[in-house]
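Okay, work-v5.txt is below, compact mmCIF, C-alpha atoms:
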# COMPACT_ATOMS: atom_id res chain seq x y z
CA MET A 2 -70.11 130.97 -52.06
CA ALA A 3 -69.37 128.74 -49.04
CA ALA A 4 -65.69 129.65 -49.33
CA ARG A 5 -66.55 133.32 -49.36
CA GLU A 6 -68.75 132.87 -46.28
CA ASN A 7 -65.93 131.07 -44.58
CA TYR A 8 -63.46 133.80 -45.46
CA ARG A 9 -65.88 136.39 -44.11
CA LYS A 10 -66.19 134.48 -40.85
CA ILE A 11 -62.39 134.27 -40.47
CA ARG A 12 -62.03 137.98 -41.21
CA TYR A 13 -64.81 138.75 -38.71
CA ASP A 14 -63.10 136.68 -36.00
CA ILE A 15 -59.72 138.31 -36.60
CA LYS A 16 -61.24 141.78 -36.44
CA LYS A 17 -63.21 140.95 -33.32
CA ASN A 18 -60.09 139.58 -31.70
CA ASP A 19 -58.31 142.84 -32.50
CA ILE A 20 -61.14 144.81 -30.96
CA LEU A 21 -61.13 142.78 -27.75
CA GLU A 22 -57.33 143.02 -27.43
CA ASN A 23 -57.54 146.78 -27.78
CA ALA A 24 -60.50 147.00 -25.44
CA ALA A 25 -58.58 145.13 -22.73
CA LYS A 26 -55.68 147.58 -23.14
CA MET A 27 -58.00 150.56 -22.88
CA PHE A 28 -59.85 149.14 -19.86
CA SER A 29 -56.54 148.42 -18.21
CA LYS A 30 -55.27 151.96 -18.80
CA LYS A 31 -58.40 154.00 -18.12
CA GLY A 32 -60.68 151.69 -16.16
CA PHE A 33 -64.04 150.53 -17.48
CA GLU A 34 -66.00 153.65 -16.57
CA LYS A 35 -63.67 156.07 -18.30
CA ALA A 36 -62.96 153.96 -21.38
CA ALA A 37 -64.98 155.12 -24.40
CA LEU A 38 -66.05 153.14 -27.45
CA GLU A 39 -64.98 156.12 -29.57
CA ASP A 40 -61.39 155.79 -28.34
CA ILE A 41 -61.28 152.10 -29.14
CA ALA A 42 -62.77 152.72 -32.60
CA HIS A 43 -60.22 155.49 -33.17
CA GLU A 44 -57.34 153.25 -32.07
CA LEU A 45 -58.44 150.64 -34.63
CA LYS A 46 -59.16 153.22 -37.33
CA MET A 47 -62.82 152.25 -37.35
CA THR A 48 -65.97 154.31 -37.03
CA LYS A 49 -68.03 153.83 -33.91
CA GLY A 50 -70.80 152.59 -36.23
CA SER A 51 -68.69 149.79 -37.70
CA LEU A 52 -67.61 148.82 -34.18
CA TYR A 53 -71.27 148.06 -33.41
CA TYR A 54 -71.10 145.34 -36.07
CA TYR A 55 -68.92 143.41 -33.60
CA ILE A 56 -70.05 144.49 -30.17
CA LYS A 57 -73.35 145.84 -28.88
CA SER A 58 -72.20 148.15 -26.08
CA LYS A 59 -69.33 148.87 -23.72
CA GLU A 60 -70.80 146.33 -21.27
CA ASP A 61 -70.92 143.77 -24.06
CA MET A 62 -67.28 144.52 -24.85
CA LEU A 63 -66.16 143.90 -21.26
CA PHE A 64 -68.36 140.79 -21.18
CA GLN A 65 -66.81 139.43 -24.39
CA CYS A 66 -63.33 140.18 -23.03
CA ILE A 67 -64.04 138.27 -19.82
CA MET A 68 -65.57 135.35 -21.74
CA ARG A 69 -62.52 135.25 -24.03
CA ALA A 70 -60.21 135.20 -20.98
CA LEU A 71 -62.22 132.30 -19.54
CA LYS A 72 -62.12 130.51 -22.88
CA MET A 73 -58.31 130.79 -22.75
CA THR A 74 -58.28 128.95 -19.42
CA HIS A 75 -60.61 126.25 -20.77
CA ASP A 76 -58.52 125.85 -23.94
CA MET A 77 -55.42 125.47 -21.75
CA MET A 78 -57.23 122.81 -19.70
CA ASP A 79 -58.21 120.99 -22.94
CA GLU A 80 -54.58 120.96 -24.07
CA VAL A 81 -53.35 119.57 -20.76
CA GLU A 82 -56.07 116.90 -20.72
CA LYS A 83 -54.98 115.70 -24.17
CA LEU A 84 -51.60 114.74 -22.67
CA ASP A 85 -53.31 112.00 -20.65
CA LEU A 86 -51.10 112.47 -17.56
CA PRO A 87 -51.62 111.01 -14.09
CA PRO A 88 -53.51 113.45 -11.81
CA GLU A 89 -50.51 114.88 -9.95
CA LEU A 90 -48.74 115.75 -13.21
CA ARG A 91 -51.96 116.97 -14.80
CA LEU A 92 -52.51 119.26 -11.81
CA GLN A 93 -48.95 120.50 -12.17
CA GLU A 94 -49.41 121.34 -15.85
CA VAL A 95 -52.77 123.02 -15.20
CA ILE A 96 -51.19 125.18 -12.48
CA VAL A 97 -48.34 126.18 -14.80
CA GLY A 98 -50.76 126.72 -17.70
CA HIS A 99 -53.08 128.84 -15.56
CA ALA A 100 -50.13 130.96 -14.38
CA LYS A 101 -49.23 131.54 -18.02
CA VAL A 102 -52.75 132.51 -19.09
CA LEU A 103 -53.16 134.82 -16.10
CA THR A 104 -50.01 136.77 -16.93
CA THR A 105 -50.87 137.55 -20.56
CA ASP A 106 -51.42 141.29 -21.08
CA PHE A 107 -54.95 140.57 -22.22
CA VAL A 108 -56.01 138.67 -19.13
CA VAL A 109 -54.24 141.06 -16.73
CA GLY A 110 -56.11 143.97 -18.31
CA VAL A 111 -59.45 142.18 -18.21
CA LEU A 112 -59.11 140.91 -14.64
CA ARG A 113 -58.61 144.40 -13.31
CA GLN A 114 -62.15 145.25 -14.34
CA GLN A 115 -65.14 144.91 -12.14
CA GLU A 116 -67.53 142.36 -13.53
CA LEU A 117 -70.02 143.69 -10.96
CA LEU A 118 -70.59 146.50 -13.44
CA LEU A 119 -72.10 144.05 -15.92
CA PRO A 120 -75.85 143.44 -16.18
CA LYS A 121 -77.10 140.30 -14.44
CA HIS A 122 -77.46 137.99 -17.47
CA MET A 123 -73.84 138.69 -18.44
CA ARG A 124 -72.61 138.23 -14.88
CA ASP A 125 -74.46 134.93 -14.67
CA ALA A 126 -72.79 133.69 -17.85
CA VAL A 127 -69.37 134.70 -16.48
CA ILE A 128 -70.01 132.92 -13.17
CA GLN A 129 -71.18 129.81 -15.03
CA GLU A 130 -67.99 129.60 -17.09
CA ARG A 131 -65.83 130.26 -14.03
CA ASP A 132 -67.65 127.56 -12.05
CA ARG A 133 -67.11 125.17 -14.94
CA PHE A 134 -63.36 125.81 -14.77
CA GLU A 135 -63.42 125.33 -11.00
CA GLN A 136 -65.26 122.01 -11.45
CA ARG A 137 -62.70 120.79 -13.99
CA PHE A 138 -59.91 121.78 -11.60
CA LEU A 139 -61.61 120.02 -8.68
CA ALA A 140 -62.11 116.92 -10.85
CA ILE A 141 -58.32 116.53 -11.17
CA VAL A 142 -57.90 116.78 -7.40
CA LYS A 143 -60.72 114.27 -6.84
CA GLU A 144 -59.13 111.81 -9.27
CA GLY A 145 -55.87 112.15 -7.34
CA ILE A 146 -57.72 111.37 -4.10
CA GLN A 147 -59.38 108.29 -5.63
CA LYS A 148 -55.99 107.04 -6.75
CA GLY A 149 -54.56 107.56 -3.26
CA ILE A 150 -52.08 110.23 -4.39
CA PHE A 151 -53.76 113.23 -2.75
CA GLN A 152 -55.18 113.54 0.75
CA LYS A 153 -58.95 113.65 0.95
CA GLU A 154 -58.99 115.92 4.00
CA ASP A 155 -60.15 119.47 3.24
CA TYR A 156 -59.41 118.99 -0.45
CA LYS A 157 -61.93 121.61 -1.52
CA MET A 158 -60.40 124.31 0.69
CA LYS A 159 -56.96 123.35 -0.59
CA ALA A 160 -58.15 123.58 -4.19
CA TYR A 161 -59.54 127.05 -3.44
CA ALA A 162 -56.19 127.99 -1.90
CA ILE A 163 -54.41 126.90 -5.10
CA LEU A 164 -56.82 128.79 -7.34
CA GLY A 165 -56.51 131.86 -5.10
CA ALA A 166 -52.70 131.75 -5.16
CA LEU A 167 -52.86 131.58 -8.98
CA ASN A 168 -55.63 134.10 -9.49
CA TRP A 169 -53.70 136.60 -7.38
CA ILE A 170 -50.61 136.42 -9.62
CA PRO A 171 -51.82 139.20 -11.97
CA ARG A 172 -51.94 141.53 -8.94
CA TRP A 173 -48.19 141.38 -8.37
CA TYR A 174 -46.70 139.94 -11.56
CA SER A 175 -44.41 142.19 -13.55
CA PRO A 176 -43.01 141.27 -16.98
CA GLU A 177 -39.78 142.94 -15.79
CA GLY A 178 -39.50 140.55 -12.84
CA LYS A 179 -36.79 137.90 -12.55
CA LEU A 180 -39.10 134.91 -13.05
CA SER A 181 -41.05 133.98 -16.16
CA PRO A 182 -44.71 132.94 -15.85
CA GLU A 183 -43.59 129.36 -16.53
CA GLU A 184 -41.08 129.53 -13.65
CA ILE A 185 -43.60 131.10 -11.30
CA GLY A 186 -46.06 128.35 -12.25
CA ARG A 187 -43.51 125.57 -11.62
CA ILE A 188 -42.55 126.94 -8.19
CA MET A 189 -46.20 127.35 -7.17
CA ALA A 190 -47.05 123.86 -8.48
CA ASN A 191 -44.24 122.21 -6.51
CA TYR A 192 -45.11 124.09 -3.36
CA LEU A 193 -48.88 123.69 -3.55
CA ILE A 194 -48.94 120.05 -4.69
CA ARG A 195 -46.54 119.05 -1.91
CA GLY A 196 -49.19 119.94 0.68
CA LEU A 197 -51.77 117.79 -1.12
CA LEU A 198 -49.79 114.56 -1.29
CA THR A 199 -50.52 111.66 1.01
CA LEU A 200 -47.68 111.20 3.48
CA ASP A 201 -47.28 107.47 2.88
CA LYS A 202 -45.70 108.03 -0.50
CA PRO A 203 -42.14 108.95 0.43
CA GLY A 204 -41.06 108.76 -3.22
CA LYS A 205 -43.05 111.90 -3.99
CA LYS A 206 -42.29 115.25 -2.50
CA MET B 21 -61.71 171.83 28.06
CA ALA B 22 -59.30 169.00 27.34
CA ALA B 23 -62.01 166.54 28.35
CA ARG B 24 -64.48 168.19 26.02
CA GLU B 25 -61.95 168.08 23.16
CA ASN B 26 -61.37 164.44 23.89
CA TYR B 27 -65.08 163.72 23.90
CA ARG B 28 -65.44 165.51 20.59
CA LYS B 29 -62.65 163.44 19.09
CA ILE B 30 -64.28 160.19 20.26
CA ARG B 31 -67.64 161.26 18.89
CA TYR B 32 -66.02 162.25 15.61
CA ASP B 33 -64.29 158.87 15.30
CA ILE B 34 -67.48 156.95 16.06
CA LYS B 35 -69.41 158.93 13.48
CA LYS B 36 -66.68 158.52 10.89
CA ASN B 37 -66.60 154.80 11.54
CA ASP B 38 -70.35 154.69 10.97
CA ILE B 39 -69.94 156.56 7.72
CA LEU B 40 -67.23 154.23 6.43
CA GLU B 41 -69.21 151.12 7.40
CA ASN B 42 -72.20 152.45 5.50
CA ALA B 43 -70.07 153.53 2.57
CA ALA B 44 -68.60 150.01 2.26
CA LYS B 45 -72.12 148.57 2.22
CA MET B 46 -73.23 151.02 -0.44
CA PHE B 47 -70.11 150.42 -2.58
CA SER B 48 -70.63 146.70 -2.25
CA LYS B 49 -74.27 146.93 -3.32
CA LYS B 50 -74.08 149.53 -6.07
CA GLY B 51 -70.42 149.65 -7.08
CA PHE B 52 -68.29 152.76 -6.61
CA GLU B 53 -69.43 154.59 -9.73
CA LYS B 54 -73.13 154.30 -8.96
CA ALA B 55 -72.91 154.94 -5.23
CA ALA B 56 -73.85 158.52 -4.31
CA LEU B 57 -72.84 160.58 -1.29
CA GLU B 58 -76.49 161.66 -0.99
CA ASP B 59 -77.60 158.05 -0.46
CA ILE B 60 -75.00 157.49 2.24
CA ALA B 61 -75.95 160.75 3.96
CA HIS B 62 -79.63 159.76 3.75
CA GLU B 63 -78.92 156.30 5.20
CA LEU B 64 -77.18 157.95 8.17
CA LYS B 65 -79.83 160.67 8.53
CA MET B 66 -77.21 163.32 7.80
CA THR B 67 -77.16 166.15 5.31
CA LYS B 68 -74.65 165.93 2.49
CA GLY B 69 -73.10 169.09 3.95
CA SER B 70 -72.45 167.54 7.34
CA LEU B 71 -71.00 164.47 5.61
CA TYR B 72 -68.29 166.74 4.17
CA TYR B 73 -67.15 167.40 7.72
CA TYR B 74 -65.86 163.81 7.75
CA ILE B 75 -64.93 163.05 4.16
CA LYS B 76 -63.90 165.27 1.28
CA SER B 77 -65.33 163.40 -1.71
CA LYS B 78 -66.51 160.00 -2.88
CA GLU B 79 -62.91 159.15 -3.82
CA ASP B 80 -61.80 160.16 -0.33
CA MET B 81 -64.50 157.92 1.12
CA LEU B 82 -63.30 154.87 -0.85
CA PHE B 83 -59.72 155.77 0.06
CA GLN B 84 -60.54 155.98 3.77
CA CYS B 85 -62.42 152.68 3.56
CA ILE B 86 -59.42 150.95 1.97
CA MET B 87 -57.03 152.49 4.51
CA ARG B 88 -59.28 151.34 7.34
CA ALA B 89 -59.32 147.80 5.90
CA LEU B 90 -55.52 147.86 5.74
CA LYS B 91 -55.36 149.18 9.31
CA MET B 92 -57.44 146.19 10.37
CA THR B 93 -54.81 143.83 8.91
CA HIS B 94 -51.98 145.76 10.63
CA ASP B 95 -53.85 145.76 13.96
CA MET B 96 -54.32 142.00 13.62
CA MET B 97 -50.59 141.62 12.94
CA ASP B 98 -49.80 143.75 16.04
CA GLU B 99 -52.00 141.51 18.18
CA VAL B 100 -50.33 138.34 16.92
CA GLU B 101 -46.87 139.80 17.43
CA LYS B 102 -47.70 140.57 21.06
CA LEU B 103 -48.10 136.81 21.66
CA ASP B 104 -44.36 136.36 21.08
CA LEU B 105 -44.75 133.00 19.28
CA PRO B 106 -42.10 131.11 17.30
CA PRO B 107 -42.28 131.96 13.57
CA GLU B 108 -44.25 128.89 12.44
CA LEU B 109 -46.98 129.52 15.01
CA ARG B 110 -46.88 133.26 14.38
CA LEU B 111 -47.36 132.60 10.69
CA GLN B 112 -50.26 130.30 11.51
CA GLU B 113 -52.00 132.94 13.62
CA VAL B 114 -51.41 135.64 11.02
CA ILE B 115 -52.94 133.40 8.32
CA VAL B 116 -55.98 132.71 10.52
CA GLY B 117 -56.22 136.38 11.52
CA HIS B 118 -55.98 137.54 7.92
CA ALA B 119 -58.71 135.06 6.89
CA LYS B 120 -60.91 136.55 9.62
CA VAL B 121 -60.28 140.17 8.63
CA LEU B 122 -60.85 139.40 4.94
CA THR B 123 -64.26 137.88 5.59
CA THR B 124 -65.73 140.77 7.57
CA ASP B 125 -68.58 142.45 5.69
CA PHE B 126 -66.64 145.69 5.70
CA VAL B 127 -63.51 144.33 4.05
CA VAL B 128 -65.46 142.19 1.55
CA GLY B 129 -67.36 145.29 0.46
CA VAL B 130 -64.23 147.42 0.21
CA LEU B 131 -62.14 144.84 -1.63
CA ARG B 132 -64.68 144.58 -4.42
CA GLN B 133 -63.94 148.17 -5.36
CA GLN B 134 -61.39 149.22 -7.87
CA GLU B 135 -58.67 151.24 -6.27
CA LEU B 136 -57.58 152.10 -9.81
CA LEU B 137 -60.38 154.64 -9.72
CA LEU B 138 -58.56 156.60 -7.03
CA PRO B 139 -56.28 159.56 -7.79
CA LYS B 140 -52.58 158.77 -7.80
CA HIS B 141 -51.64 160.17 -4.37
CA MET B 142 -54.34 158.05 -2.76
CA ARG B 143 -53.34 154.96 -4.74
CA ASP B 144 -49.74 155.46 -3.69
CA ALA B 145 -50.72 155.61 -0.01
CA VAL B 146 -52.75 152.39 -0.41
CA ILE B 147 -49.86 150.61 -2.12
CA GLN B 148 -47.47 151.77 0.60
CA GLU B 149 -49.64 150.36 3.38
CA ARG B 150 -50.15 147.12 1.49
CA ASP B 151 -46.42 146.77 0.87
CA ARG B 152 -45.81 147.36 4.56
CA PHE B 153 -48.14 144.47 5.39
CA GLU B 154 -46.40 142.28 2.81
CA GLN B 155 -43.02 143.15 4.36
CA ARG B 156 -44.23 142.26 7.84
CA PHE B 157 -45.57 138.98 6.49
CA LEU B 158 -42.30 138.22 4.69
CA ALA B 159 -40.35 139.05 7.87
CA ILE B 160 -42.05 136.15 9.67
CA VAL B 161 -41.13 133.77 6.85
CA LYS B 162 -37.55 135.06 6.85
CA GLU B 163 -37.26 134.56 10.60
CA GLY B 164 -38.47 130.99 10.12
CA ILE B 165 -35.78 130.45 7.48
CA GLN B 166 -33.08 131.85 9.77
CA LYS B 167 -34.18 129.48 12.52
CA GLY B 168 -34.06 126.54 10.11
CA ILE B 169 -37.80 125.88 10.33
CA PHE B 170 -38.75 127.02 6.83
CA GLN B 171 -37.05 126.26 3.53
CA LYS B 172 -35.20 129.15 1.97
CA GLU B 173 -35.88 128.04 -1.58
CA ASP B 174 -38.38 130.26 -3.41
CA TYR B 175 -39.67 131.62 -0.12
CA LYS B 176 -40.86 134.83 -1.68
CA MET B 177 -42.99 133.09 -4.31
CA LYS B 178 -44.40 130.84 -1.59
CA ALA B 179 -45.26 133.86 0.56
CA TYR B 180 -47.03 135.41 -2.45
CA ALA B 181 -48.90 132.13 -2.93
CA ILE B 182 -50.06 132.24 0.70
CA LEU B 183 -51.15 135.87 0.46
CA GLY B 184 -52.94 135.13 -2.82
CA ALA B 185 -54.77 132.14 -1.36
CA LEU B 186 -55.91 134.36 1.53
CA ASN B 187 -56.70 137.47 -0.47
CA TRP B 188 -58.90 135.38 -2.77
CA ILE B 189 -61.09 134.15 0.11
CA PRO B 190 -63.52 137.13 -0.13
CA ARG B 191 -64.23 136.10 -3.72
CA TRP B 192 -65.78 132.78 -2.75
CA TYR B 193 -66.53 133.04 0.98
CA SER B 194 -70.16 132.91 2.00
CA PRO B 195 -71.33 133.50 5.58
CA GLU B 196 -73.85 130.69 4.90
CA GLY B 197 -71.07 128.21 4.11
CA LYS B 198 -70.22 125.24 6.34
CA LEU B 199 -66.88 126.61 7.57
CA SER B 200 -66.26 129.66 9.73
CA PRO B 201 -63.49 132.13 8.78
CA GLU B 202 -61.48 130.71 11.70
CA GLU B 203 -61.84 127.15 10.35
CA ILE B 204 -60.99 128.23 6.80
CA GLY B 205 -57.92 130.02 8.18
CA ARG B 206 -56.79 126.97 10.18
CA ILE B 207 -57.13 124.63 7.19
CA MET B 208 -55.26 127.03 4.91
CA ALA B 209 -52.55 127.57 7.53
CA ASN B 210 -51.95 123.84 7.99
CA TYR B 211 -51.88 123.23 4.27
CA LEU B 212 -49.75 126.21 3.30
CA ILE B 213 -47.25 126.01 6.17
CA ARG B 214 -46.67 122.31 5.52
CA GLY B 215 -45.14 123.15 2.14
CA LEU B 216 -42.78 125.67 3.77
CA LEU B 217 -41.28 123.39 6.41
CA THR B 218 -37.79 121.97 6.05
CA LEU B 219 -37.96 118.22 5.52
CA ASP B 220 -35.35 117.37 8.16
CA LYS B 221 -37.70 118.23 11.01
CA PRO B 222 -39.89 115.14 11.19
CA GLY B 223 -41.51 116.33 14.42
CA LYS B 224 -43.26 119.13 12.53
CA LYS B 225 -45.79 118.53 9.82
If you convert what's in this file into structure tokens, what do you get?
Amino acid sequence: MAARENYRKIRYDIKKNDILENAAKMFSKKGFEKAALEDIAHELKMTKGSLYYYIKSKEDMLFQCIMRALKMTHDMMDEVEKLDLPPELRLQEVIVGHAKVLTTDFVVGVLRQQELLLPKHMRDAVIQERDRFEQRFLAIVKEGIQKGIFQKEDYKMKAYAILGALNWIPRWYSPEGKLSPEEIGRIMANYLIRGLLTLDKPGKK
Amino acid sequence: MAARENYRKIRYDIKKNDILENAAKMFSKKGFEKAALEDIAHELKMTKGSLYYYIKSKEDMLFQCIMRALKMTHDMMDEVEKLDLPPELRLQEVIVGHAKVLTTDFVVGVLRQQELLLPKHMRDAVIQERDRFEQRFLAIVKEGIQKGIFQKEDYKMKAYAILGALNWIPRWYSPEGKLSPEEIGRIMANYLIRGLLTLDKPGKK
């Protein structure tokens, strides 16, 4: 019985994942307003009724897509933190990891949508998860400052500049471009971390 | 007769400006889809019919708002170029100027909208103007490289990083925050230009 429950849960998660992937594609192609639940159901060979087993409304679908995209960034952060690196290398890996997450088809599609269209309780949940990511990112910078690796001056503005540079990638990134997301991430990390470093460490540049 | 024509043109431009300012506010508050021409007309004590004298449709109104926002960035660039500064200082002033333009109520309201909702010919015109700004921005960086002030390596990615850091400002900027747009721009300029400079110029940092 427990095994069957477990199997059901796995099947549910796989199906839901499928739905969100397709929803992101549809949103990306048509925009949120013009996307229809019927089309997504049709794409997945489901009835609109069975779709409601997984998502409550079109708003809920966009909300779940955004929350999944944010979960991807948190999962990436978890992975990097497991490596137990010093702050400057951790920041580097987080920048590269964030560049990679932000260039997945799923996240590109989701980010193009206007979360302003969501009802307030959903928007609040999105903002909370985004703030949590920002706090984790800032924590790395703060640790670097404590250890004398990063400059303290204007660190918050600089962190916002880094996040902005990264968050803007989906607006110009093309999979047909010369550079891979990993390469883009490495270049941005080198460039953006250089401006954070304290000047009295000539060994680092 | 010529004077009267001229007066008419000025009055037309002032009125149109008013309309676009109000449209940006409405879009910002309600989102594009929910904003209605009637509400904007009502706000301006105009009839919907007289509104059509200035704009053709809601799409046209968003389009004109976006084009006006882009014109603001080009005007800023024109002003900076008149100062005839060396590339590193010109880049600094453009970064500060862009931070200022991006934090005006008008541009914040317009940027929150999804240009994807616009018909293709309008979208193309928007992209063209945005590309033109990007090219002008890149030209400053290229001049700096030619003069040996900026590093050539990955300059395009770095320019995209700068533009991203700036373009993201409206997403977190609050007029109630501690720093003015000018101060934010100066901090970002110092930080982001530092990473561009060639290392063999110790006088510059």
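Nearest residue to chain B, choosing from A:Glu144, A:Glu34, A:Glu89, A:Asp79 and counting only C-alpha atoms: A:Glu34.
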Q: Mind checking which residues fall within 8 Å of Phe52 of chain B, counting only C-alpha atoms, ignoring those fewer than 2 positions away in the same chain, and posting them as a ChimeraX atom specification?
A: /B:47-48,50,54-55,82,133-134
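Our summary of the geometry notes that atom CA of Cys66 of chain A is positioned 6.9 Å from atom CA of Ala25 of chain A.
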(Q) Is it possible to get the residues within 12 Å of (-42.5, 133.1, -4.2) (coordinates as in the file, counting only C-alpha atoms) written as a PyMOL selection string? (A) (chain A and resi 166-167+170+173-174+178-180+182+184-193) or (chain B and resi 158+161+171-184+216)
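A straight line drawn from atom CA of Lys35 of chain B to atom CA of Tyr74 of chain B is 8.3 Å long.
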Radius query 6 Å about (-52.7, 109.8, -10.4), atoms used: all atoms listed in the file, as an mmCIF file with C-alpha atoms, in the coordinates of the input:
data_model
loop_
_atom_site.group_PDB
_atom_site.id
_atom_site.type_symbol
_atom_site.label_atom_id
_atom_site.label_comp_id
_atom_site.auth_asym_id
_atom_site.auth_seq_id
_atom_site.Cartn_x
_atom_site.Cartn_y
_atom_site.Cartn_z
ATOM 1 C CA PRO A 87 -51.620 111.010 -14.090
ATOM 2 C CA PRO A 88 -53.510 113.450 -11.810
ATOM 3 C CA GLU A 89 -50.510 114.880 -9.950
ATOM 4 C CA GLY A 145 -55.870 112.150 -7.340
ATOM 5 C CA LYS A 148 -55.990 107.040 -6.750
#
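Going from atom CA of Lys140 of chain B over to atom CA of Phe153 of chain B, you cover 20.0 Å.
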Q | Nearest to chain A, chosen from B:Leu40, B:Leu90, B:Leu105, B:Ile147, with all atoms listed in the file counted in the distances | A | B:Ile147
(Q) Ranking A:Asn23, A:Thr199, A:Asn168, A:Ser58 by minimum distance to chain B and counting all atoms listed in the file, which one comes first? (A) A:Asn168
Q: Rank B:Leu109, B:Leu136, B:Ile160, B:Ile169 by their smallest atom-to-atom distance to chain A, using only C-alpha atoms, and report the top residue only.
A: B:Leu136
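Closest approach to Ala159 of chain B from the set B:Arg110, B:Lys29, B:Lys102, B:Arg132 is made by B:Arg110, with distances taken over only C-alpha atoms.
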Build an axis-aligned box that encloses every atom of segment 75-80 of chain A listed in the file, pad it by 8 Å on each side, and report its centre and edge lengths in Å to one decimal, as lines of an AutoDock Vina configuration file.
center_x = -57.6
center_y = 123.6
center_z = -21.9
size_x = 22.0
size_y = 21.3
size_z = 20.4
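Compared by their closest atoms to Leu118 of chain A, and using all atoms listed in the file, the residues A:Arg195, A:Glu80, A:Gly32, A:Tyr54 rank with A:Gly32 nearest.
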